[in-house]
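Encoded as structure tokens, the structure appears first; notes follow it.
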Amino acid sequence: MTSRPANLWFEQVVADGDPLVPRPALDGDTEVDVAVVGAGYTGLWTAYHLLRGDPSLRVLVVERQVAGFGASGRNGGWCSALFPASPAKLERRHGPAAAAAMGAAMRDTVDEVGKAVAEEGIGCDWVKGGTVTLARTPAQLRRARASAGYLDGAAASALVGAARVLGGWFTPDCARVQPARLVRGLARAVERRGGRIVEGTTASSVGPRRVVTDRGVVAARTVVRATEAWAAHLAPRSVVPVYSLIVATRPLPGSFWDGAGLGGGQTFTDERHLIVYGQRTADDRLVFGGRGAPYHWGSRIAPAFDGDDRVFAGLRSAACDLFPALAADDFTHAWGGPLGIPRDWYAGVGLGADGLGWAGGYVGDGVGTSHLAGRTLAALILGRDDPVTRLPWVGHRSRRWEPEPLRWLLVNAGLRLMTLADHEERLTRRESVLASTLSRALGG
Ligand SMILES: Cc1cc2nc3c(=O)[nH]c(=O)nc-3n(C[C@H](O)[C@H](O)[C@H](O)COP(=O)(O)OP(=O)(O)OC[C@H]3O[C@@H](n4cnc5c(N)ncnc54)[C@H](O)[C@@H]3O)c2cc1C
């Protein structure tokens with residue numbers, strides 16, 4: 001096994017000639033119109049849309065590490081129309097029209113990201129090839145049959161040549177990207193439009209009109225918190241940081257891809273409960289990720305948690321189960337990172353009357369959703385009448401997570417239940433009772 005804990009995406013960015021050296025830090029107290037904390041997609045799309053809307057604005061983005069250090073530089077590269085709260089849940093809470101508007105906005109967002117990528121000349125291997133969701137057990141097949149875009153076994157296998165495929169479903173609303181190239185290119189686009197990004201600068205307090213950092217205090221009419229998993233520390237109990245982990249192979253030969261397919265830039269997954277996600281990269285590697293890493297007591301986030309040998313081994317084995325032609329020494333990279341999960345599994349974006357804005361809680365669906373968040377925040381801050389400001393997630397605030405030790409017990413029990421639900425379905429061949437119980441507990 002030649003696996004080493006390294007992020008393929010960052011390695012490729014460095015090979016592109018972007019050495020990931022931090023930009024200068026904040027150099028003392030300053031005053032701007034809008035201060036954004038966090039230089040991932042959320043913070044950068046907010047800055048980008050603000051500057052497009054009003055190029056005269058003084059926009060400052062404050063980042064502790066380097067742009068893209070967080071989930072934005074580490075993810076599975078699905079720019080999808082997925083929103084963490086299901087359409088059924090949105091409909092129950094807000095009615096059918098609002099739920100439909102949210103779905104349409106998410107689908108449009110995939111194309112909006114594609115448009116911005118083209119306009120700004122961001123080379124990030126963007127291909128809108130859709131997503132194939134495979135069904136490989138009878139219970140999974142029943143779920144696939146109930147989905148729009150159902151594919152029988154032959155049609156699903158023609159797109160993804162995985163083993164034991166019984167069927168699946170296809171949606172066109174997803175693009176494959178190299179996520180770190182996207183976030184690094186976006187940071188440069190923000191700078192070209194006049195935004196300032198300071199790196200190596202840690203915010204210790206993010207409040208209305210004021211951001212306190214280790215390099216000075218920023219006074220601003222509007223402050224935006226765009227720190228996703230790290231919001232667990234700046235706004236305690238607003239989200240829990242949960243780790244998603246990824247493995248990747250060397251570039252695989254044509255003989256492998258002749259069987260495995262994915263020739264149209266499709267992303268893929270299957271109907272299992274413990275989420276997995278994959279893509280074929282522009283240089284013909286297989287990138288395959290999933291959840292399953294434990295939640296860490298006190299919502300801790302630490303570099304040591306970016307890897308977990310047990311989960312990496314499980315991912316390699318799941319990838320080999322899908323594609324038996326893979327060999328153990330095909331895997332060359334393994335890494336991970338934290339994402340933010342709100343208590344009700346429902347992302348939110350908003351701007352308070354006090355001038356404090358926020359966005360996040362995307363669970364694992366932030367690549368597309370963060371663009372919608374940035375566009376929405378910009379419209380709210382600029383006071384522009386954009387229909388996106390009337391979408392149901394605007395102003396949504398999730399209730400807070402429980403204090404420890406209950407939080408640790410709940411999150412880890414939930415993660416464990418998802419794994420057990422997949423075993424249950426394999427054994428019983430019926431829909432998992434555990435999974436539906438958990439889904440009801442989270443409000444569907
Ligand atoms: C392994 C993995 C796979 C994923 N796969 C997908 C996928 O395929 N599709 C999808 O849609 N979503 C995916 N996600 C989720 C997606 O990547 C995130 O939702 C999205 O990147 C969030 O962007 P963000 O800008 O809100 O947060 P982040 O990218 O996490 O950025 C937050 C930034 O804030 C900075 N920061 C934190 N605290 C401070 C502070 N005190 N002061 C200054 N700066 C601070 C951090 O350094 C970081 O750069 C995945 C996530 C992970 C971890």
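Labeling convention for the structure tokens: chains A, B, ... as they appear, residues from 1 per chain, ligands from 1 in order of appearance.
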
Could you name the residues that touch Gln12 in chain A at 12 Å or less, counting only C-alpha atoms, but leaving out those on the same chain fewer than 3 positions away, as number ranges by chain? A: 6-9, 15-20, 73-74, 123-125, 178-182, 184, 281-283, 333

Give as a ChimeraX atom specification the residues surrounding ligand 1 up to a distance of 7 Å, considering only C-alpha atoms and all ligand atoms. /A:37-43,62-80,201-204,226-231,234,243-246,277,289,336-339,360,362-370

Per residue of range 201-255 of chain A within 12 Å of range 261-267 of chain A, what are the shortest atom pair and its distance in Å to one decimal, counting only C-alpha atoms, with rows by chain and residue number, as CSV?
residue,atom,partner,partner_atom,distance
A:Leu252,CA,A:Gly261,CA,11.9
A:Pro253,CA,A:Gly261,CA,12.0
A:Gly254,CA,A:Gly261,CA,9.8
A:Ser255,CA,A:Gly261,CA,10.3

Would you write out those residues with N, CA, C and O atoms, as a PDB file, in the first residue's frame?
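As written to disk, result-v9.pdb reads:
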ATOM      1  N   LEU A 252      -5.300   6.314 -13.844  1.00  0.00           N
ATOM      2  CA  LEU A 252      -5.527   4.904 -14.195  1.00  0.00           C
ATOM      3  C   LEU A 252      -5.556   4.749 -15.720  1.00  0.00           C
ATOM      4  O   LEU A 252      -5.979   5.668 -16.435  1.00  0.00           O
ATOM      5  N   PRO A 253      -5.112   3.605 -16.225  1.00  0.00           N
ATOM      6  CA  PRO A 253      -4.984   3.443 -17.673  1.00  0.00           C
ATOM      7  C   PRO A 253      -6.344   3.335 -18.375  1.00  0.00           C
ATOM      8  O   PRO A 253      -7.370   3.025 -17.748  1.00  0.00           O
ATOM      9  N   GLY A 254      -6.312   3.549 -19.677  1.00  0.00           N
ATOM     10  CA  GLY A 254      -7.528   3.450 -20.491  1.00  0.00           C
ATOM     11  C   GLY A 254      -8.208   2.108 -20.317  1.00  0.00           C
ATOM     12  O   GLY A 254      -9.445   2.030 -20.338  1.00  0.00           O
ATOM     13  N   SER A 255      -7.426   1.050 -20.112  1.00  0.00           N
ATOM     14  CA  SER A 255      -8.028  -0.283 -19.970  1.00  0.00           C
ATOM     15  C   SER A 255      -8.951  -0.324 -18.745  1.00  0.00           C
ATOM     16  O   SER A 255      -9.990  -0.986 -18.759  1.00  0.00           O
TER      17      SER A 255
END

Please report, as a PDB file with C-alpha atoms, in the first residue's frame, each residue of range 7-85 of chain A to which DSSP assigns helix (DSSP H, G or I) when run on this structure's backbone.
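Saved to out_11.pdb:
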ATOM      1  CA  LEU A   8      -4.196  15.508  -4.178  1.00  0.00           C
ATOM      2  CA  TRP A   9      -5.939  18.810  -4.963  1.00  0.00           C
ATOM      3  CA  PHE A  10      -3.365  20.950  -3.141  1.00  0.00           C
ATOM      4  CA  GLU A  11      -0.542  18.976  -4.732  1.00  0.00           C
ATOM      5  CA  GLN A  12      -1.967  19.752  -8.178  1.00  0.00           C
ATOM      6  CA  VAL A  13      -2.384  23.446  -7.321  1.00  0.00           C
ATOM      7  CA  VAL A  14       1.278  23.624  -6.272  1.00  0.00           C
ATOM      8  CA  ALA A  15       2.266  21.842  -9.499  1.00  0.00           C
ATOM      9  CA  TYR A  41     -16.150  29.477  -1.217  1.00  0.00           C
ATOM     10  CA  THR A  42     -18.703  31.219   1.044  1.00  0.00           C
ATOM     11  CA  GLY A  43     -16.500  34.150   1.981  1.00  0.00           C
ATOM     12  CA  LEU A  44     -15.022  34.499  -1.487  1.00  0.00           C
ATOM     13  CA  TRP A  45     -18.330  34.242  -3.409  1.00  0.00           C
ATOM     14  CA  THR A  46     -19.740  36.874  -1.036  1.00  0.00           C
ATOM     15  CA  ALA A  47     -16.807  39.186  -1.738  1.00  0.00           C
ATOM     16  CA  TYR A  48     -17.025  38.402  -5.465  1.00  0.00           C
ATOM     17  CA  HIS A  49     -20.742  39.221  -5.770  1.00  0.00           C
ATOM     18  CA  LEU A  50     -20.383  42.339  -3.621  1.00  0.00           C
ATOM     19  CA  LEU A  51     -17.634  43.683  -5.865  1.00  0.00           C
ATOM     20  CA  ARG A  52     -19.548  42.827  -9.018  1.00  0.00           C
ATOM     21  CA  GLY A  53     -22.549  44.687  -7.594  1.00  0.00           C
ATOM     22  CA  ALA A  71     -13.378  22.246   3.140  1.00  0.00           C
ATOM     23  CA  SER A  72     -13.285  24.320  -0.057  1.00  0.00           C
ATOM     24  CA  GLY A  73      -9.805  23.054  -0.905  1.00  0.00           C
TER      25      GLY A  73
END

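Relative to CA of Val247 in chain A, CA of Ala359 in chain A is found at 28.4 Å.
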
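Residues in contact range of range 298-305 of chain A, defined as at most 7 Å between only C-alpha atoms, with sequence neighbours fewer than 6 positions away removed, read A:Ala232, A:Val240, A:Pro241, A:Glu404.
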
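In this structure, CA of Trp408 in chain A sits 6.8 Å away from CA of Tyr295 in chain A.
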
Which of range 206-348 of chain A fall in strand (DSSP E), as a PyMOL selection string: chain A and resi 206-207+210-213+216-225+240-249+267-270+276-280+286-290+331-341+348

Residues within 12 Å of Leu417 in chain A, only C-alpha atoms, excluding chain neighbours under 2 positions, as a PyMOL selection string: chain A and resi 273-274+292+409-415+419-424+432-439

Selected residues written out, N, CA and C atoms, as a PDB file, in the first residue's frame:
ATOM      1  N   HIS A 273     -26.598   4.380   3.007  1.00  0.00           N
ATOM      2  CA  HIS A 273     -26.965   5.450   3.939  1.00  0.00           C
ATOM      3  C   HIS A 273     -25.753   6.241   4.392  1.00  0.00           C
ATOM      4  N   LEU A 274     -24.631   5.590   4.622  1.00  0.00           N
ATOM      5  CA  LEU A 274     -23.430   6.314   5.035  1.00  0.00           C
ATOM      6  C   LEU A 274     -22.790   6.848   3.743  1.00  0.00           C
ATOM      7  N   GLY A 292     -17.980   8.737   8.116  1.00  0.00           N
ATOM      8  CA  GLY A 292     -17.690   7.582   8.955  1.00  0.00           C
ATOM      9  C   GLY A 292     -16.626   7.866   9.991  1.00  0.00           C
ATOM     10  N   LEU A 409     -22.426  11.991  22.307  1.00  0.00           N
ATOM     11  CA  LEU A 409     -23.205  10.745  22.211  1.00  0.00           C
ATOM     12  C   LEU A 409     -24.128  10.755  21.001  1.00  0.00           C
ATOM     13  N   LEU A 410     -24.839  11.874  20.803  1.00  0.00           N
ATOM     14  CA  LEU A 410     -25.808  11.969  19.699  1.00  0.00           C
ATOM     15  C   LEU A 410     -25.130  11.853  18.342  1.00  0.00           C
ATOM     16  N   VAL A 411     -24.048  12.631  18.147  1.00  0.00           N
ATOM     17  CA  VAL A 411     -23.434  12.670  16.812  1.00  0.00           C
ATOM     18  C   VAL A 411     -22.794  11.324  16.497  1.00  0.00           C
ATOM     19  N   ASN A 412     -22.060  10.778  17.463  1.00  0.00           N
ATOM     20  CA  ASN A 412     -21.398   9.499  17.170  1.00  0.00           C
ATOM     21  C   ASN A 412     -22.407   8.355  17.046  1.00  0.00           C
ATOM     22  N   ALA A 413     -23.497   8.422  17.823  1.00  0.00           N
ATOM     23  CA  ALA A 413     -24.531   7.380  17.670  1.00  0.00           C
ATOM     24  C   ALA A 413     -25.157   7.487  16.282  1.00  0.00           C
ATOM     25  N   GLY A 414     -25.388   8.726  15.812  1.00  0.00           N
ATOM     26  CA  GLY A 414     -25.965   8.924  14.478  1.00  0.00           C
ATOM     27  C   GLY A 414     -25.066   8.357  13.400  1.00  0.00           C
ATOM     28  N   LEU A 415     -23.768   8.642  13.500  1.00  0.00           N
ATOM     29  CA  LEU A 415     -22.827   8.135  12.495  1.00  0.00           C
ATOM     30  C   LEU A 415     -22.804   6.609  12.499  1.00  0.00           C
ATOM     31  N   THR A 419     -24.026   3.454   9.517  1.00  0.00           N
ATOM     32  CA  THR A 419     -23.280   2.261   9.088  1.00  0.00           C
ATOM     33  C   THR A 419     -24.117   1.012   9.324  1.00  0.00           C
ATOM     34  N   LEU A 420     -24.747   0.954  10.510  1.00  0.00           N
ATOM     35  CA  LEU A 420     -25.547  -0.234  10.837  1.00  0.00           C
ATOM     36  C   LEU A 420     -26.738  -0.362   9.889  1.00  0.00           C
ATOM     37  N   ALA A 421     -27.294   0.804   9.449  1.00  0.00           N
ATOM     38  CA  ALA A 421     -28.447   0.769   8.553  1.00  0.00           C
ATOM     39  C   ALA A 421     -28.079   0.062   7.252  1.00  0.00           C
ATOM     40  N   ASP A 422     -26.854   0.283   6.766  1.00  0.00           N
ATOM     41  CA  ASP A 422     -26.435  -0.388   5.528  1.00  0.00           C
ATOM     42  C   ASP A 422     -26.283  -1.898   5.750  1.00  0.00           C
ATOM     43  N   HIS A 423     -25.726  -2.283   6.909  1.00  0.00           N
ATOM     44  CA  HIS A 423     -25.638  -3.732   7.224  1.00  0.00           C
ATOM     45  C   HIS A 423     -27.032  -4.328   7.298  1.00  0.00           C
ATOM     46  N   GLU A 424     -27.932  -3.590   7.977  1.00  0.00           N
ATOM     47  CA  GLU A 424     -29.307  -4.068   8.151  1.00  0.00           C
ATOM     48  C   GLU A 424     -29.946  -4.345   6.778  1.00  0.00           C
ATOM     49  N   SER A 432     -34.125   0.050   5.585  1.00  0.00           N
ATOM     50  CA  SER A 432     -33.639   0.075   6.956  1.00  0.00           C
ATOM     51  C   SER A 432     -34.591   0.807   7.900  1.00  0.00           C
ATOM     52  N   VAL A 433     -34.931   0.140   9.000  1.00  0.00           N
ATOM     53  CA  VAL A 433     -35.753   0.775  10.030  1.00  0.00           C
ATOM     54  C   VAL A 433     -34.902   1.805  10.772  1.00  0.00           C
ATOM     55  N   LEU A 434     -33.624   1.466  10.972  1.00  0.00           N
ATOM     56  CA  LEU A 434     -32.724   2.383  11.686  1.00  0.00           C
ATOM     57  C   LEU A 434     -32.607   3.714  10.948  1.00  0.00           C
ATOM     58  N   ALA A 435     -32.447   3.636   9.619  1.00  0.00           N
ATOM     59  CA  ALA A 435     -32.257   4.868   8.843  1.00  0.00           C
ATOM     60  C   ALA A 435     -33.511   5.734   8.877  1.00  0.00           C
ATOM     61  N   SER A 436     -34.694   5.087   8.777  1.00  0.00           N
ATOM     62  CA  SER A 436     -35.896   5.933   8.769  1.00  0.00           C
ATOM     63  C   SER A 436     -36.134   6.529  10.157  1.00  0.00           C
ATOM     64  N   THR A 437     -35.747   5.797  11.222  1.00  0.00           N
ATOM     65  CA  THR A 437     -35.897   6.356  12.574  1.00  0.00           C
ATOM     66  C   THR A 437     -35.003   7.587  12.711  1.00  0.00           C
ATOM     67  N   LEU A 438     -33.758   7.474  12.232  1.00  0.00           N
ATOM     68  CA  LEU A 438     -32.818   8.584  12.349  1.00  0.00           C
ATOM     69  C   LEU A 438     -33.295   9.778  11.519  1.00  0.00           C
ATOM     70  N   SER A 439     -33.801   9.488  10.336  1.00  0.00           N
ATOM     71  CA  SER A 439     -34.276  10.562   9.470  1.00  0.00           C
ATOM     72  C   SER A 439     -35.440  11.310  10.138  1.00  0.00           C
TER      73      SER A 439
END

Tell me, as a ChimeraX atom specification, which residues lie within 10 Å of Leu60 in chain A, counting only C-alpha atoms; anything in the same chain fewer than 6 positions away does not count. /A:26,30-37,43,47,191,194-198,218,220,223

Residue contacts of range 342-357 of chain A (8 Å, only C-alpha atoms) excluding same-chain residues fewer than 3 positions away, as a PyMOL selection string: chain A and resi 83-85+207-209+221-225+238-240+360-363+373+376-377+380-381+393-401+442-443

List every residue of range 46-105 of chain A that has an atom at most 7 Å from any atom of range 384-391 of chain A, and for each one report the closest atom pair and its distance in Å to one decimal, counting only C-alpha atoms, with rows sorted by chain and then by increasing residue number, as CSV.
residue,atom,partner,partner_atom,distance
A:Ala98,CA,A:Leu391,CA,6.7
A:Ala101,CA,A:Leu391,CA,6.9
A:Met102,CA,A:Leu391,CA,6.1

Keeping only N, CA, C and O atoms, write those residues as an mmCIF file, in the first residue's frame.
data_model
loop_
_atom_site.group_PDB
_atom_site.id
_atom_site.type_symbol
_atom_site.label_atom_id
_atom_site.label_comp_id
_atom_site.auth_asym_id
_atom_site.auth_seq_id
_atom_site.Cartn_x
_atom_site.Cartn_y
_atom_site.Cartn_z
ATOM 1 N N ALA A 98 -42.459 27.494 -2.207
ATOM 2 C CA ALA A 98 -41.132 27.863 -1.692
ATOM 3 C C ALA A 98 -40.143 26.716 -1.897
ATOM 4 O O ALA A 98 -38.976 26.939 -2.254
ATOM 5 N N ALA A 101 -39.149 26.711 -5.476
ATOM 6 C CA ALA A 101 -38.251 27.838 -5.777
ATOM 7 C C ALA A 101 -36.828 27.516 -5.310
ATOM 8 O O ALA A 101 -35.846 27.835 -5.992
ATOM 9 N N MET A 102 -36.728 26.868 -4.161
ATOM 10 C CA MET A 102 -35.394 26.515 -3.640
ATOM 11 C C MET A 102 -34.714 25.508 -4.573
ATOM 12 O O MET A 102 -33.528 25.639 -4.887
#

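Residues within 10 Å of range 314-318 of chain A, counting only C-alpha atoms and excluding same-chain residues fewer than 6 positions away, are Ser3, Leu245, Ile246, Val247, Ala248, Thr249, Val276, Phe288, Gly289, Gly290, Arg291, Gly292, Asp308, Pro324, Leu326, Ala327, Ala328, Asp330, Phe331 and Ala334 of chain A.
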